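Reading through the structure tokens given below for one structure.
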Amino acid sequence: MSNPDVEAAGPARAATTGIKPPPGRYYAGGDGQQHAPPVAPFYYGQEAERERQHHTWLVPLVVLANVAMFVVVMYYNDCPRNGRGADCLGGGFLRRFSFQPLKENPLFGPSSATLGKYGGLDRYKVVHGGQGWRLETSTWLHAGLIHLGANMISLIFVGVRLEQQFGFWKVGLVYLFSGLGGSVLSVLFIRNGVSVGASGALFGLLGAMLSELITNWTIYTNRLAAMANLIIIAAINLALGILPHVDNFAHIGGFLTGFLLGFVLLIQPRFGWLEQPFGGKTKSKYTACQIVLLVVALLLAIAGLAVGLLMVFRGVNGNDHCSWCHYLTCVPTSHWKCDN
């Protein structure tokens, strides 16, 4: 089960990053005043691309899909009919949509058995049951109403801004593959239980925001403050993952996948680049550093997912190769125990 508090922090990027004023957009006339360029229709390039905002429809659609999946799961959970009777929360008016008892699920949701039946991430079923599709379907399920609400609010805050700037298909790819990357790492290290939630995908968007800031470094002004904010937000959220019953491996896997994909999909033209009319010469569209980061990140992302999936379907136990890694998802204290 993913941490419902992890994604509650909105993106710092929109409030903390600034874009340099576009160069070459104005020229000084004979009167000493600035005027628009005389051949405005031919001034394409990074400024025009950056100022154009894409219509946002994917993120709202994903939110609706997650809500619809929660409703469907609650319908089939049918707490009163499955033997809990008066213990079901809200059974008097919610009827078959009533929640499991709070002592069983404090997040106001279905039973773990129902989540496992309808697509939750179960290592045994993935590795030994040939149900690899659970690596993706689990990212569309949520453990409860609180879990769902926190994740969807976070998705709106983070995802809408990214979709407006980069378009639906780039953000959609980061979201889907980050969710997959989180599930892969989770199966490698989490041996028992059922894991659900969009946390891995959301952490992927957060990771992509960080790599986007790095690769497009030249077009931002207060970039150090923006990077500090993003790193602090990511660190705090990942630190919350050491609490019990939180699948922090999904968060880490999603973040790393999104971080790599951000270098590939969210690259923007360098500061000062303009596309000249009639084949005129100008600066190259991307810097050498951007190209190197793109190639390296693409190779690492492909290799990481390929090797991870191969290890998953071979039944490899990641804990056998990393004796301390289990502390990344839960640190035992005097107040709680960690059972994997």
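Numbering starts fresh at 1 for the residues of each chain in the structure tokens, the chains themselves are lettered A, B, ... in the order given, and ligands are numbered from 1 as they appear.
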Practice prompt. Name the residues of range 231-263 of chain A that fall into helix (DSSP H, G or I) according to DSSP on the backbone, using the chain letters and numbers of this document, as a list in words.
Written response: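 Going through range 231-263 of chain A, the helix (DSSP H, G or I) residues come out as Ile231, Ile232, Ile233, Ala234, Ala235, Ile236, Asn237, Leu238, Ala239, Leu240, Asn248, Phe249, Ala250, His251, Ile252, Gly253, Gly254, Phe255, Leu256, Thr257, Gly258, Phe259, Leu260, Leu261, Gly262 and Phe263 of chain A.
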Residues just named, written with C-alpha atoms as a PDB file, in the first residue's frame:
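Writing done, so here's selection.pdb:
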```
ATOM      1  CA  ILE A 231      15.216  17.965  -3.756  1.00  0.00           C
ATOM      2  CA  ILE A 232      13.783  18.813  -0.327  1.00  0.00           C
ATOM      3  CA  ILE A 233      10.268  17.767  -1.374  1.00  0.00           C
ATOM      4  CA  ALA A 234      11.535  14.487  -2.834  1.00  0.00           C
ATOM      5  CA  ALA A 235      13.712  13.761   0.201  1.00  0.00           C
ATOM      6  CA  ILE A 236      10.903  14.389   2.689  1.00  0.00           C
ATOM      7  CA  ASN A 237       8.426  12.279   0.751  1.00  0.00           C
ATOM      8  CA  LEU A 238      10.878   9.418   0.350  1.00  0.00           C
ATOM      9  CA  ALA A 239      11.715   9.628   4.061  1.00  0.00           C
ATOM     10  CA  LEU A 240       8.029   9.153   4.880  1.00  0.00           C
ATOM     11  CA  ASN A 248       8.732   2.836  -0.590  1.00  0.00           C
ATOM     12  CA  PHE A 249      10.346   0.658  -3.256  1.00  0.00           C
ATOM     13  CA  ALA A 250       7.521   1.669  -5.605  1.00  0.00           C
ATOM     14  CA  HIS A 251       8.279   5.309  -4.799  1.00  0.00           C
ATOM     15  CA  ILE A 252      12.023   4.898  -5.391  1.00  0.00           C
ATOM     16  CA  GLY A 253      11.575   2.902  -8.603  1.00  0.00           C
ATOM     17  CA  GLY A 254       9.069   5.394  -9.963  1.00  0.00           C
ATOM     18  CA  PHE A 255      11.245   8.370  -9.076  1.00  0.00           C
ATOM     19  CA  LEU A 256      14.338   6.915 -10.755  1.00  0.00           C
ATOM     20  CA  THR A 257      12.395   5.950 -13.886  1.00  0.00           C
ATOM     21  CA  GLY A 258      10.801   9.383 -14.183  1.00  0.00           C
ATOM     22  CA  PHE A 259      14.137  11.072 -13.517  1.00  0.00           C
ATOM     23  CA  LEU A 260      15.726   9.280 -16.478  1.00  0.00           C
ATOM     24  CA  LEU A 261      12.736   9.813 -18.769  1.00  0.00           C
ATOM     25  CA  GLY A 262      12.714  13.535 -18.008  1.00  0.00           C
ATOM     26  CA  PHE A 263      16.098  13.901 -19.743  1.00  0.00           C
TER      27      PHE A 263
END
```
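Each of A:Asn77, A:Asn66, A:Gln53, A:Thr287 was compared to Val196 in chain A using only C-alpha atoms, and A:Asn66 turns out to be the nearest.
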Proximity of range 179-215 of chain A to range 128-145 of chain A: per-residue shortest pair, 8 Å limit, only C-alpha atoms, as a Markdown table:
```
| residue | atom | partner | partner_atom | distance |
| --- | --- | --- | --- | --- |
| A:Gly179 | CA | A:Thr139 | CA | 6.2 |
| A:Leu180 | CA | A:Glu136 | CA | 5.6 |
| A:Ser183 | CA | A:Leu135 | CA | 5.3 |
| A:Val184 | CA | A:Leu135 | CA | 6.8 |
| A:Ser195 | CA | A:Ser138 | CA | 7.0 |
| A:Val196 | CA | A:Ser138 | CA | 4.9 |
| A:Gly197 | CA | A:Thr139 | CA | 4.8 |
| A:Ala198 | CA | A:Thr139 | CA | 4.5 |
| A:Ser199 | CA | A:Thr139 | CA | 7.5 |
| A:Gly200 | CA | A:Thr139 | CA | 7.5 |
| A:Ala201 | CA | A:Thr139 | CA | 7.4 |
```
Fill in: Filtered DSSP result for range 55-253 of chain A, state strand (DSSP E or B), as a PyMOL selection string
chain A and resi 89+99+121-122+194-195+220
Take the residues just selected and output them with N, CA and C atoms as a compact mmCIF listing (two decimals), in the first residue's frame.
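Dumped everything to result02.txt:
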```txt
# COMPACT_ATOMS: atom_id res chain seq x y z
N LEU A 89 -18.22 -0.09 7.81
CA LEU A 89 -18.38 1.35 8.06
C LEU A 89 -19.30 1.97 7.01
N PHE A 99 -17.42 0.68 3.66
CA PHE A 99 -15.99 0.42 3.84
C PHE A 99 -15.75 -0.72 4.82
N LEU A 121 -0.89 -5.55 -6.77
CA LEU A 121 0.44 -6.12 -7.04
C LEU A 121 0.75 -7.19 -6.00
N ASP A 122 0.71 -8.42 -6.45
CA ASP A 122 0.99 -9.58 -5.61
C ASP A 122 2.18 -10.32 -6.23
N VAL A 194 -0.13 -7.16 -0.60
CA VAL A 194 -0.64 -6.60 -1.85
C VAL A 194 -0.36 -5.11 -1.86
N SER A 195 0.25 -4.63 -2.93
CA SER A 195 0.60 -3.22 -3.05
C SER A 195 -0.25 -2.58 -4.15
N TYR A 220 16.32 28.85 -17.30
CA TYR A 220 15.73 29.28 -16.04
C TYR A 220 16.63 30.27 -15.33
```
Worksheet item: If you count only C-alpha atoms, which residues fall within 12 Å of Leu61 in chain A, apart from same-chain ones fewer than 2 positions away, as an MDAnalysis selection string?
Response: chainID A and resid 56:59 63:68 152 155:156 159:160 168 172
Fill in: For Trp217 in chain A, the nearest of the candidates A:Tyr124, A:Phe313, A:Phe166, A:Tyr286, counting only C-alpha atoms
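Of A:Tyr124, A:Phe313, A:Phe166, A:Tyr286, the one nearest Trp217 in chain A, counting only C-alpha atoms, is A:Tyr286.
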